[in-house]
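This report refers to the structure that appears directly beneath it.
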Amino acid sequence: MLEIYTWSVLITGIFFTSFGAFAYVKNSRDVSTKYFALLSAAFAVWSYAWFLLLASKDAVTALSFSKILAFGATFIPIFYLSWVLSVLEIKEKRKHLIFFGYVITFIFALLSLTDFYIPGVRPILFFPFWPVAGSGFTAFIVFGYIGLVLYALIELIRGFLHHTGDKKYQIGYLILGSFLGFGGGAVNFPLMYGYDAVQPFGLFAVMASPFVFSYAAIKYKLLDIKVVATQFLAGALNVIFIISLILSKTATQYFFNTLLLGFVLVFTILLLRGIKREIEQREKIEELAKNLEKTNRDLEGANVRLQELDQLKSEFVSLATHQIRGPLTAIKGYASLLIEGDYGKISAPVKEAVNTIMHSAQSLVVVVGDFLDVSRIEQGRMKYDLKVFDLKGLVHEVVSELKPNLDRAGLGLTVTIDESLEYSIDADRVKIKQVIANIFDNSIKYTPKGSIAIALTKASGKILFSIKDTGIGIPKDTIPKLFAKFSRAKDANETNIIGTGLGLYLAKELIKGHNGRVWAESEGQGKGSQFYIELNEAEG
Ligand code: ADP
């Protein structure tokens with residue numbers, strides 16, 4: 001029994017050493033892992049000293065190892081508390097308490113080497129030597145285990161109730177490990193007071209605690225724990241074969257044991273290499289996933305901000321344009337009164353100047369109207385007054401209204417419409433007129449010479465309005481961007497200075513609001529353009 005117990009204590013020490021070291025190497029950037037490593041080191045000192053105590057042949061040796069055991073045990077509570085507070089991210093807030101804890105711990109650590117702590121050893125149960133608790137040790141139990149550890153546990157439970165998600169799990173594992181480690185370890189105390197009714201098998205709970213603790217420390221990377229376990233087993237296998245090699249008695253035994261050890265060594269190396277590669281790959285993937293997540297979060301944040309800004313801008317545009325409308329109407333009104341002679345006769349040059357003022361004001365009214373439409377569309381406030389009407393009437397109307405512009409530009413015009421047919425659509429007449437007028441006006445503006453051809457056709461429930469010009473044309477790569485807000489082709493400024501780049505955007509949105517389509521085609525720069533509007537024919 002003693003033998004099994006002694007070896008189990010050694011294994012516990014090895015567990016603490018390897019898990020502590022592994023967690024530290026794996027996650028050294030994380031401060032809390034450092035405290036876990038320190039805690040593991042204290043537990044390891046405690047375990048190794050205990051192992052040597054159990055293996056001692058005389059009372060004097062046993063007593064010295066008991067003192068080292070007590071020395072290691074003294075640091076367990078404070079390292080544990082530091083780790084817990086660090087995981088809970090409240091270490092800064094409790095820094096006075098921690099400082100106080102360290103001071104007292106160092107005093108106890110010095111005491112632990114005196115007889116005040118462990119005055120001697122005595123046989124109990126199946127142990128030939130077991131440390132006897134002195135009053136110093138009792139004081140330490142009260143301060144360290146009842147004070148620090150219990151306090152840490154209370155903070156942990158509070159943290160567990162307060163946190164959610166991954167953190168909650170981490171804290172949960174920490175609590176479980178604490179019960180195993182401290183609950184199991186506390187079973188030793190009664191024996192130190194000569195009370196042997198409690199069996200010291202809490203050791204096996206302590207043995208399991210590094211697994212649970214390190215799971216909490218390296219943030220539940222289960223595979224990593226599997227890796228440590230594999231490495232540990234491979235190491236143990238090697239130790240066993242080395243021992244059996246040493247214990248070999250005959251030449252044949254030597255031969256086979258050497259051969260076996262060779263195999264095991266090769267196997268171990270291959271295994272470790274494979275594991276290393278897997279870890280590296282996994283880390284790379286994790287890194288990528290993390291980056292991706294971060295980029296996504298950034299994008300989402302930017303998107304939300306953009307949407308808010310857009311909303312703000314729409315509201316601003318709507319407010320500003322409403323305010324501009326009034327003064328514009330006044331300018332137009334007074335200009336027209338001046339021209340008509342309501343304020344007395346004016347000379348021809350003044351009349352011309354006032355005329356220019358009126359036309360400019362009129363252009364501004366259109367621009368302001370466009371801005372208002374855009375903000376209405378963006379705020380989802382655009383309303384359509386739907387009525388069934390014949391599109392050919394509307395096309396003729398637009399043509400006659402823009403005829404003066406066309407003549408001024410010296411362009412030819414052909415209109416191809418079958419007058420015997422009806423081109424009924426169920427639409428908002430004002431909006432459709434606005435779109436057609438805009439596209440027609442564009443063709444005039446962007447055609448320095450030549451002619452414009454307008455056509456209206458219908459087929460299988462669709463009505464198609466098309467307009468073809470011999471103008472500046474549109475580069476192929478610009479066509480897809482043409483209908484975007486504020487989009488103007490590179491050379492648009494040269495041909496037509498006044499322009500907002502909103503006309504086609506509005507055309508697209510308004511036609512979309514009618515479940516129709518609008519698109520452009522062009523063979524390229526200098527080769528003219530064609531614009532199409534397709535609408536559904538009204539039923540019945
Ligand atoms: P604006 O005419 O105010 O610039 P639009 O949205 O009406 O804005 O048109 C966007 C751009 O599309 C124009 O700036 C011009 O580059 C191009 N475009 C429109 N119609 C034509 C056309 N008929 N021929 C060549 N380019 C055109």
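Quick note on naming: the chains in the structure tokens go A, B, ... in the order shown, residues restart at 1 in each chain, and ligands are numbered from 1 in order of appearance.
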
Report task. Using DSSP on the backbone coordinates, identify the residues of region 350-532 of chain A assigned to helix (DSSP H, G or I); present them as JSON, numbers by chain. Result -> {"A": [350, 351, 352, 353, 354, 355, 356, 357, 358, 359, 360, 361, 362, 363, 364, 365, 366, 367, 368, 369, 370, 371, 372, 373, 374, 375, 376, 377, 378, 391, 392, 393, 394, 395, 396, 397, 398, 399, 400, 401, 402, 403, 404, 405, 406, 407, 408, 409, 429, 430, 431, 432, 433, 434, 435, 436, 437, 438, 439, 440, 441, 442, 443, 444, 445, 479, 480, 481, 492, 493, 494, 495, 503, 504, 505, 506, 507, 508, 509, 510, 511, 512]}

Take the residues from that selection and write them out as a PDB file, in the first residue's frame, keeping C-alpha atoms.
ATOM      1  CA  VAL A 350     -30.891  93.796 -68.540  1.00  0.00           C
ATOM      2  CA  LYS A 351     -33.699  91.586 -69.786  1.00  0.00           C
ATOM      3  CA  GLU A 352     -31.192  89.057 -71.044  1.00  0.00           C
ATOM      4  CA  ALA A 353     -29.322  89.082 -67.750  1.00  0.00           C
ATOM      5  CA  VAL A 354     -32.554  88.577 -65.780  1.00  0.00           C
ATOM      6  CA  ASN A 355     -33.462  85.758 -68.175  1.00  0.00           C
ATOM      7  CA  THR A 356     -30.208  84.028 -67.325  1.00  0.00           C
ATOM      8  CA  ILE A 357     -31.000  84.475 -63.627  1.00  0.00           C
ATOM      9  CA  MET A 358     -34.387  82.843 -64.173  1.00  0.00           C
ATOM     10  CA  HIS A 359     -32.979  79.868 -66.098  1.00  0.00           C
ATOM     11  CA  SER A 360     -30.247  79.329 -63.527  1.00  0.00           C
ATOM     12  CA  ALA A 361     -32.836  79.443 -60.765  1.00  0.00           C
ATOM     13  CA  GLN A 362     -34.894  76.918 -62.725  1.00  0.00           C
ATOM     14  CA  SER A 363     -31.836  74.584 -63.029  1.00  0.00           C
ATOM     15  CA  LEU A 364     -31.325  74.897 -59.294  1.00  0.00           C
ATOM     16  CA  VAL A 365     -34.982  74.001 -58.686  1.00  0.00           C
ATOM     17  CA  VAL A 366     -34.375  70.772 -60.625  1.00  0.00           C
ATOM     18  CA  VAL A 367     -31.207  69.997 -58.670  1.00  0.00           C
ATOM     19  CA  VAL A 368     -32.952  70.670 -55.368  1.00  0.00           C
ATOM     20  CA  GLY A 369     -35.821  68.455 -56.498  1.00  0.00           C
ATOM     21  CA  ASP A 370     -33.342  65.673 -57.264  1.00  0.00           C
ATOM     22  CA  PHE A 371     -31.764  65.961 -53.847  1.00  0.00           C
ATOM     23  CA  LEU A 372     -35.152  65.838 -52.195  1.00  0.00           C
ATOM     24  CA  ASP A 373     -36.084  62.757 -54.205  1.00  0.00           C
ATOM     25  CA  VAL A 374     -32.850  61.036 -53.226  1.00  0.00           C
ATOM     26  CA  SER A 375     -33.390  61.698 -49.557  1.00  0.00           C
ATOM     27  CA  ARG A 376     -36.998  60.548 -49.845  1.00  0.00           C
ATOM     28  CA  ILE A 377     -35.859  57.294 -51.452  1.00  0.00           C
ATOM     29  CA  GLU A 378     -33.170  56.754 -48.846  1.00  0.00           C
ATOM     30  CA  LEU A 391     -46.891  56.209 -72.387  1.00  0.00           C
ATOM     31  CA  LYS A 392     -46.850  57.470 -75.979  1.00  0.00           C
ATOM     32  CA  GLY A 393     -48.684  60.642 -74.958  1.00  0.00           C
ATOM     33  CA  LEU A 394     -46.076  61.270 -72.299  1.00  0.00           C
ATOM     34  CA  VAL A 395     -43.190  60.707 -74.734  1.00  0.00           C
ATOM     35  CA  HIS A 396     -44.663  63.221 -77.187  1.00  0.00           C
ATOM     36  CA  GLU A 397     -45.082  65.681 -74.364  1.00  0.00           C
ATOM     37  CA  VAL A 398     -41.428  65.370 -73.296  1.00  0.00           C
ATOM     38  CA  VAL A 399     -40.265  65.635 -76.897  1.00  0.00           C
ATOM     39  CA  SER A 400     -42.167  68.834 -77.487  1.00  0.00           C
ATOM     40  CA  GLU A 401     -40.953  70.336 -74.203  1.00  0.00           C
ATOM     41  CA  LEU A 402     -37.314  69.599 -74.951  1.00  0.00           C
ATOM     42  CA  LYS A 403     -37.539  70.452 -78.664  1.00  0.00           C
ATOM     43  CA  PRO A 404     -36.129  73.951 -78.076  1.00  0.00           C
ATOM     44  CA  ASN A 405     -33.013  72.476 -76.380  1.00  0.00           C
ATOM     45  CA  LEU A 406     -32.607  70.042 -79.251  1.00  0.00           C
ATOM     46  CA  ASP A 407     -32.884  72.805 -81.826  1.00  0.00           C
ATOM     47  CA  ARG A 408     -30.441  74.958 -79.921  1.00  0.00           C
ATOM     48  CA  ALA A 409     -27.942  72.097 -80.002  1.00  0.00           C
ATOM     49  CA  ARG A 429     -46.967  59.941 -64.440  1.00  0.00           C
ATOM     50  CA  VAL A 430     -44.900  62.738 -62.899  1.00  0.00           C
ATOM     51  CA  LYS A 431     -42.051  60.429 -61.909  1.00  0.00           C
ATOM     52  CA  ILE A 432     -41.920  58.609 -65.245  1.00  0.00           C
ATOM     53  CA  LYS A 433     -41.926  61.942 -67.045  1.00  0.00           C
ATOM     54  CA  GLN A 434     -39.069  63.092 -64.839  1.00  0.00           C
ATOM     55  CA  VAL A 435     -37.036  59.979 -65.735  1.00  0.00           C
ATOM     56  CA  ILE A 436     -37.667  60.143 -69.479  1.00  0.00           C
ATOM     57  CA  ALA A 437     -37.020  63.875 -69.568  1.00  0.00           C
ATOM     58  CA  ASN A 438     -33.762  63.392 -67.706  1.00  0.00           C
ATOM     59  CA  ILE A 439     -32.513  60.656 -70.033  1.00  0.00           C
ATOM     60  CA  PHE A 440     -33.576  62.641 -73.096  1.00  0.00           C
ATOM     61  CA  ASP A 441     -31.936  65.750 -71.700  1.00  0.00           C
ATOM     62  CA  ASN A 442     -28.721  63.756 -71.061  1.00  0.00           C
ATOM     63  CA  SER A 443     -28.684  62.599 -74.690  1.00  0.00           C
ATOM     64  CA  ILE A 444     -28.915  66.211 -75.811  1.00  0.00           C
ATOM     65  CA  LYS A 445     -26.258  67.351 -73.346  1.00  0.00           C
ATOM     66  CA  ILE A 479     -21.382  51.555 -67.786  1.00  0.00           C
ATOM     67  CA  PRO A 480     -21.897  49.413 -64.641  1.00  0.00           C
ATOM     68  CA  LYS A 481     -21.133  52.413 -62.404  1.00  0.00           C
ATOM     69  CA  ALA A 492     -18.593  64.447 -68.246  1.00  0.00           C
ATOM     70  CA  ASN A 493     -17.296  67.630 -66.701  1.00  0.00           C
ATOM     71  CA  GLU A 494     -15.770  68.700 -69.995  1.00  0.00           C
ATOM     72  CA  THR A 495     -18.976  68.317 -71.982  1.00  0.00           C
ATOM     73  CA  GLY A 503     -30.139  61.874 -62.583  1.00  0.00           C
ATOM     74  CA  LEU A 504     -29.407  58.284 -63.537  1.00  0.00           C
ATOM     75  CA  TYR A 505     -29.350  57.160 -59.912  1.00  0.00           C
ATOM     76  CA  LEU A 506     -32.833  58.577 -59.490  1.00  0.00           C
ATOM     77  CA  ALA A 507     -33.921  57.051 -62.810  1.00  0.00           C
ATOM     78  CA  LYS A 508     -32.817  53.636 -61.581  1.00  0.00           C
ATOM     79  CA  GLU A 509     -34.504  54.014 -58.194  1.00  0.00           C
ATOM     80  CA  LEU A 510     -37.754  55.418 -59.595  1.00  0.00           C
ATOM     81  CA  ILE A 511     -38.012  52.758 -62.293  1.00  0.00           C
ATOM     82  CA  LYS A 512     -37.202  50.095 -59.703  1.00  0.00           C
TER      83      LYS A 512
END

Give me the chain A side of the contact with ligand 1, cut-off 6 Å, one line per residue showing its nearest atom pair and distance in Å at one decimal, counting only C-alpha atoms and all ligand atoms, sorted by chain and residue number, as a Markdown table.
| residue | atom | partner | partner_atom_place_in_ligand_line | distance |
| --- | --- | --- | --- | --- |
| A:Asn442 | CA | ligand 1 | 20 (N) | 4.6 |
| A:Ser443 | CA | ligand 1 | 23 (N) | 3.8 |
| A:Tyr446 | CA | ligand 1 | 24 (N) | 4.9 |
| A:Gly471 | CA | ligand 1 | 24 (N) | 5.8 |
| A:Ile472 | CA | ligand 1 | 25 (C) | 5.3 |
| A:Gly473 | CA | ligand 1 | 25 (C) | 4.5 |
| A:Ile474 | CA | ligand 1 | 25 (C) | 5.2 |
| A:Leu482 | CA | ligand 1 | 12 (O) | 5.3 |
| A:Ser487 | CA | ligand 1 | 10 (C) | 5.4 |
| A:Arg488 | CA | ligand 1 | 14 (O) | 3.4 |
| A:Ala489 | CA | ligand 1 | 16 (O) | 3.4 |
| A:Ala492 | CA | ligand 1 | 16 (O) | 4.3 |
| A:Gly499 | CA | ligand 1 | 3 (O) | 3.1 |
| A:Thr500 | CA | ligand 1 | 3 (O) | 4.0 |
| A:Gly501 | CA | ligand 1 | 8 (O) | 3.1 |
| A:Leu502 | CA | ligand 1 | 6 (O) | 4.3 |
| A:Gly503 | CA | ligand 1 | 6 (O) | 3.6 |
| A:Leu504 | CA | ligand 1 | 6 (O) | 3.6 |
| A:Tyr505 | CA | ligand 1 | 6 (O) | 5.6 |
| A:Ser529 | CA | ligand 1 | 24 (N) | 5.2 |

Could you write out the selected residues, including C-alpha atoms, as a PDB file, in the first residue's frame?
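Saved the output as again11.pdb:
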ATOM      1  CA  ASN A 442     -28.721  63.756 -71.061  1.00  0.00           C
ATOM      2  CA  SER A 443     -28.684  62.599 -74.690  1.00  0.00           C
ATOM      3  CA  TYR A 446     -23.784  64.607 -74.212  1.00  0.00           C
ATOM      4  CA  GLY A 471     -22.801  61.495 -78.756  1.00  0.00           C
ATOM      5  CA  ILE A 472     -19.658  61.038 -76.719  1.00  0.00           C
ATOM      6  CA  GLY A 473     -20.561  57.482 -75.764  1.00  0.00           C
ATOM      7  CA  ILE A 474     -19.604  55.732 -72.538  1.00  0.00           C
ATOM      8  CA  LEU A 482     -23.275  54.881 -64.306  1.00  0.00           C
ATOM      9  CA  SER A 487     -21.600  58.953 -60.610  1.00  0.00           C
ATOM     10  CA  ARG A 488     -20.331  60.899 -63.610  1.00  0.00           C
ATOM     11  CA  ALA A 489     -18.121  59.641 -66.383  1.00  0.00           C
ATOM     12  CA  ALA A 492     -18.593  64.447 -68.246  1.00  0.00           C
ATOM     13  CA  GLY A 499     -24.574  68.099 -63.428  1.00  0.00           C
ATOM     14  CA  THR A 500     -24.809  66.308 -60.135  1.00  0.00           C
ATOM     15  CA  GLY A 501     -24.564  62.693 -61.173  1.00  0.00           C
ATOM     16  CA  LEU A 502     -27.914  62.088 -59.500  1.00  0.00           C
ATOM     17  CA  GLY A 503     -30.139  61.874 -62.583  1.00  0.00           C
ATOM     18  CA  LEU A 504     -29.407  58.284 -63.537  1.00  0.00           C
ATOM     19  CA  TYR A 505     -29.350  57.160 -59.912  1.00  0.00           C
ATOM     20  CA  SER A 529     -25.051  55.643 -76.311  1.00  0.00           C
TER      21      SER A 529
END

Residue contacts of region 148-153 of chain A (10 Å, only C-alpha atoms) excluding same-chain residues fewer than 4 positions away, as a PDB file with C-alpha atoms, in the first residue's frame:
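Below you can see result13.pdb, which holds the result:
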ATOM      1  CA  ILE A  76       0.009  27.288  -2.514  1.00  0.00           C
ATOM      2  CA  PRO A  77      -2.779  29.540  -1.131  1.00  0.00           C
ATOM      3  CA  ILE A  78      -1.288  32.877  -2.195  1.00  0.00           C
ATOM      4  CA  PHE A  79      -0.346  31.704  -5.714  1.00  0.00           C
ATOM      5  CA  TYR A  80      -3.773  30.204  -6.018  1.00  0.00           C
ATOM      6  CA  LEU A  81      -5.447  33.443  -4.927  1.00  0.00           C
ATOM      7  CA  SER A  82      -3.297  35.472  -7.365  1.00  0.00           C
ATOM      8  CA  TRP A  83      -4.257  33.163 -10.206  1.00  0.00           C
ATOM      9  CA  VAL A  84      -7.957  33.251  -9.363  1.00  0.00           C
ATOM     10  CA  LEU A  85      -8.077  37.059  -9.097  1.00  0.00           C
ATOM     11  CA  LEU A  97      -5.062  42.261  -0.149  1.00  0.00           C
ATOM     12  CA  ILE A  98      -2.617  40.361  -2.360  1.00  0.00           C
ATOM     13  CA  GLY A 101      -1.123  37.935   1.534  1.00  0.00           C
ATOM     14  CA  ILE A 141      -4.056  26.550   7.981  1.00  0.00           C
ATOM     15  CA  VAL A 142      -6.276  29.267   9.404  1.00  0.00           C
ATOM     16  CA  PHE A 143      -4.608  32.050   7.398  1.00  0.00           C
ATOM     17  CA  GLY A 144      -3.855  30.223   4.162  1.00  0.00           C
ATOM     18  CA  ILE A 157     -18.395  31.400  -7.274  1.00  0.00           C
ATOM     19  CA  ARG A 158     -19.410  35.043  -7.549  1.00  0.00           C
ATOM     20  CA  GLY A 159     -17.549  35.268 -10.855  1.00  0.00           C
ATOM     21  CA  LEU A 174     -11.224  26.359 -11.918  1.00  0.00           C
ATOM     22  CA  ILE A 175     -13.823  25.683  -9.217  1.00  0.00           C
ATOM     23  CA  SER A 178     -10.061  23.710  -6.606  1.00  0.00           C
ATOM     24  CA  PHE A 179     -12.368  21.199  -4.982  1.00  0.00           C
ATOM     25  CA  PHE A 182      -7.741  21.513  -1.964  1.00  0.00           C
TER      26      PHE A 182
END

Query - Surrounding residues of region 26-33 of chain A excluding itself and chain neighbours under 3 positions, 7 Å, only C-alpha atoms, as a PyMOL selection string - result: chain A and resi 22-23+36-37+83+86-87+217-218

Query raised in the report: So what do you get for CA of Ala427 (chain A) versus CA of Ala538 (chain A), distance-wise?
Result: 8.7 Å

Output as JSON lines one row per residue of region 111-208 of chain A within 10 Å of region 47-52 of chain A: the closest atom pair and its distance in Å to one decimal place, counting only C-alpha atoms, sorted by chain and residue number ascending.
{"residue": "A:Trp130", "atom": "CA", "partner": "A:Trp50", "partner_atom": "CA", "distance": 9.5}
{"residue": "A:Pro131", "atom": "CA", "partner": "A:Trp50", "partner_atom": "CA", "distance": 9.9}
{"residue": "A:Leu203", "atom": "CA", "partner": "A:Ser47", "partner_atom": "CA", "distance": 9.9}
{"residue": "A:Val206", "atom": "CA", "partner": "A:Ser47", "partner_atom": "CA", "distance": 10.0}
{"residue": "A:Met207", "atom": "CA", "partner": "A:Ser47", "partner_atom": "CA", "distance": 9.8}

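Of note, CA of Ile463 (chain A) and CA of Tyr423 (chain A) are spaced 6.7 Å apart.
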
Test item: residues at most 9 Å from Lys387 (chain A), only C-alpha atoms, excluding those fewer than 2 positions along its chain, as a PDB file with all heavy atoms, in the first residue's frame:
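Ended up saving to selection37.pdb:
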ATOM      1  N   ASP A 385     -47.848  57.820 -57.029  1.00  0.00           N
ATOM      2  CA  ASP A 385     -49.272  58.028 -57.264  1.00  0.00           C
ATOM      3  C   ASP A 385     -49.612  57.273 -58.552  1.00  0.00           C
ATOM      4  O   ASP A 385     -49.461  57.800 -59.660  1.00  0.00           O
ATOM      5  CB  ASP A 385     -49.482  59.547 -57.414  1.00  0.00           C
ATOM      6  CG  ASP A 385     -50.934  59.898 -57.617  1.00  0.00           C
ATOM      7  OD1 ASP A 385     -51.787  59.020 -57.363  1.00  0.00           O
ATOM      8  OD2 ASP A 385     -51.202  61.031 -58.042  1.00  0.00           O
ATOM      9  N   PHE A 389     -52.085  55.034 -67.695  1.00  0.00           N
ATOM     10  CA  PHE A 389     -52.073  56.029 -68.780  1.00  0.00           C
ATOM     11  C   PHE A 389     -51.262  55.498 -69.963  1.00  0.00           C
ATOM     12  O   PHE A 389     -50.556  54.481 -69.830  1.00  0.00           O
ATOM     13  CB  PHE A 389     -51.530  57.380 -68.286  1.00  0.00           C
ATOM     14  CG  PHE A 389     -50.086  57.338 -67.857  1.00  0.00           C
ATOM     15  CD1 PHE A 389     -49.071  57.647 -68.748  1.00  0.00           C
ATOM     16  CD2 PHE A 389     -49.745  56.971 -66.550  1.00  0.00           C
ATOM     17  CE1 PHE A 389     -47.747  57.605 -68.351  1.00  0.00           C
ATOM     18  CE2 PHE A 389     -48.429  56.933 -66.164  1.00  0.00           C
ATOM     19  CZ  PHE A 389     -47.419  57.250 -67.057  1.00  0.00           C
ATOM     20  N   ILE A 425     -49.486  51.920 -69.154  1.00  0.00           N
ATOM     21  CA  ILE A 425     -48.739  51.506 -67.966  1.00  0.00           C
ATOM     22  C   ILE A 425     -49.463  52.035 -66.736  1.00  0.00           C
ATOM     23  O   ILE A 425     -50.179  53.036 -66.808  1.00  0.00           O
ATOM     24  CB  ILE A 425     -47.278  52.030 -67.959  1.00  0.00           C
ATOM     25  CG1 ILE A 425     -47.237  53.546 -68.176  1.00  0.00           C
ATOM     26  CG2 ILE A 425     -46.431  51.330 -69.018  1.00  0.00           C
ATOM     27  CD1 ILE A 425     -45.877  54.147 -67.897  1.00  0.00           C
ATOM     28  N   ASP A 426     -49.261  51.316 -65.609  1.00  0.00           N
ATOM     29  CA  ASP A 426     -49.863  51.738 -64.350  1.00  0.00           C
ATOM     30  C   ASP A 426     -48.724  52.337 -63.530  1.00  0.00           C
ATOM     31  O   ASP A 426     -47.949  51.613 -62.907  1.00  0.00           O
ATOM     32  CB  ASP A 426     -50.452  50.501 -63.646  1.00  0.00           C
ATOM     33  CG  ASP A 426     -51.262  50.900 -62.427  1.00  0.00           C
ATOM     34  OD1 ASP A 426     -51.449  52.111 -62.205  1.00  0.00           O
ATOM     35  OD2 ASP A 426     -51.704  49.988 -61.688  1.00  0.00           O
ATOM     36  N   ALA A 427     -48.623  53.672 -63.576  1.00  0.00           N
ATOM     37  CA  ALA A 427     -47.432  54.282 -62.996  1.00  0.00           C
ATOM     38  C   ALA A 427     -47.708  55.697 -62.510  1.00  0.00           C
ATOM     39  O   ALA A 427     -48.787  56.248 -62.733  1.00  0.00           O
ATOM     40  CB  ALA A 427     -46.323  54.303 -64.039  1.00  0.00           C
ATOM     41  N   ASP A 428     -46.689  56.258 -61.837  1.00  0.00           N
ATOM     42  CA  ASP A 428     -46.765  57.654 -61.398  1.00  0.00           C
ATOM     43  C   ASP A 428     -46.308  58.516 -62.575  1.00  0.00           C
ATOM     44  O   ASP A 428     -45.117  58.531 -62.926  1.00  0.00           O
ATOM     45  CB  ASP A 428     -45.856  57.849 -60.177  1.00  0.00           C
ATOM     46  CG  ASP A 428     -45.981  59.234 -59.584  1.00  0.00           C
ATOM     47  OD1 ASP A 428     -46.114  60.208 -60.360  1.00  0.00           O
ATOM     48  OD2 ASP A 428     -45.925  59.350 -58.346  1.00  0.00           O
ATOM     49  N   ARG A 429     -47.253  59.228 -63.185  1.00  0.00           N
ATOM     50  CA  ARG A 429     -46.967  59.941 -64.440  1.00  0.00           C
ATOM     51  C   ARG A 429     -45.843  60.966 -64.257  1.00  0.00           C
ATOM     52  O   ARG A 429     -44.948  61.079 -65.096  1.00  0.00           O
ATOM     53  CB  ARG A 429     -48.243  60.638 -64.934  1.00  0.00           C
ATOM     54  CG  ARG A 429     -48.194  60.963 -66.413  1.00  0.00           C
ATOM     55  CD  ARG A 429     -49.535  61.469 -66.905  1.00  0.00           C
ATOM     56  NE  ARG A 429     -49.557  61.509 -68.361  1.00  0.00           N
ATOM     57  CZ  ARG A 429     -48.988  62.476 -69.088  1.00  0.00           C
ATOM     58  NH1 ARG A 429     -48.344  63.438 -68.486  1.00  0.00           N
ATOM     59  NH2 ARG A 429     -49.038  62.428 -70.418  1.00  0.00           N
TER      60      ARG A 429
END

Requested in this report: Taking the DSSP assignment computed from this structure's backbone, write out as an MDAnalysis selection string all residues of region 14-138 of chain A that belong to strand (DSSP E or B).
Outcome: chainID A and resid 121:124 127:131

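For Leu245 (chain A), the non-local neighbours within 9 Å, defined as residues at least 5 positions apart in the same chain or in other chains and counting only C-alpha atoms, are A:Ile240, A:Gln253, A:Tyr254, A:Phe255, A:Phe256, A:Asn257, A:Thr258, A:Leu261.
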
Query raised in the report: Of the residues A:Phe531, A:Leu38, A:Arg122, A:Thr105, which is the one nearest to Leu54 (chain A), using only C-alpha atoms?
Result: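 Going through A:Phe531, A:Leu38, A:Arg122, A:Thr105 one by one, the smallest distance to Leu54 (chain A) is for A:Arg122.
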
Report summary line: Nearest to Gln199 (chain A), restricted to only C-alpha atoms and choosing among A:Phe127, A:Phe75, A:Phe267, A:Phe211, comes out as A:Phe127
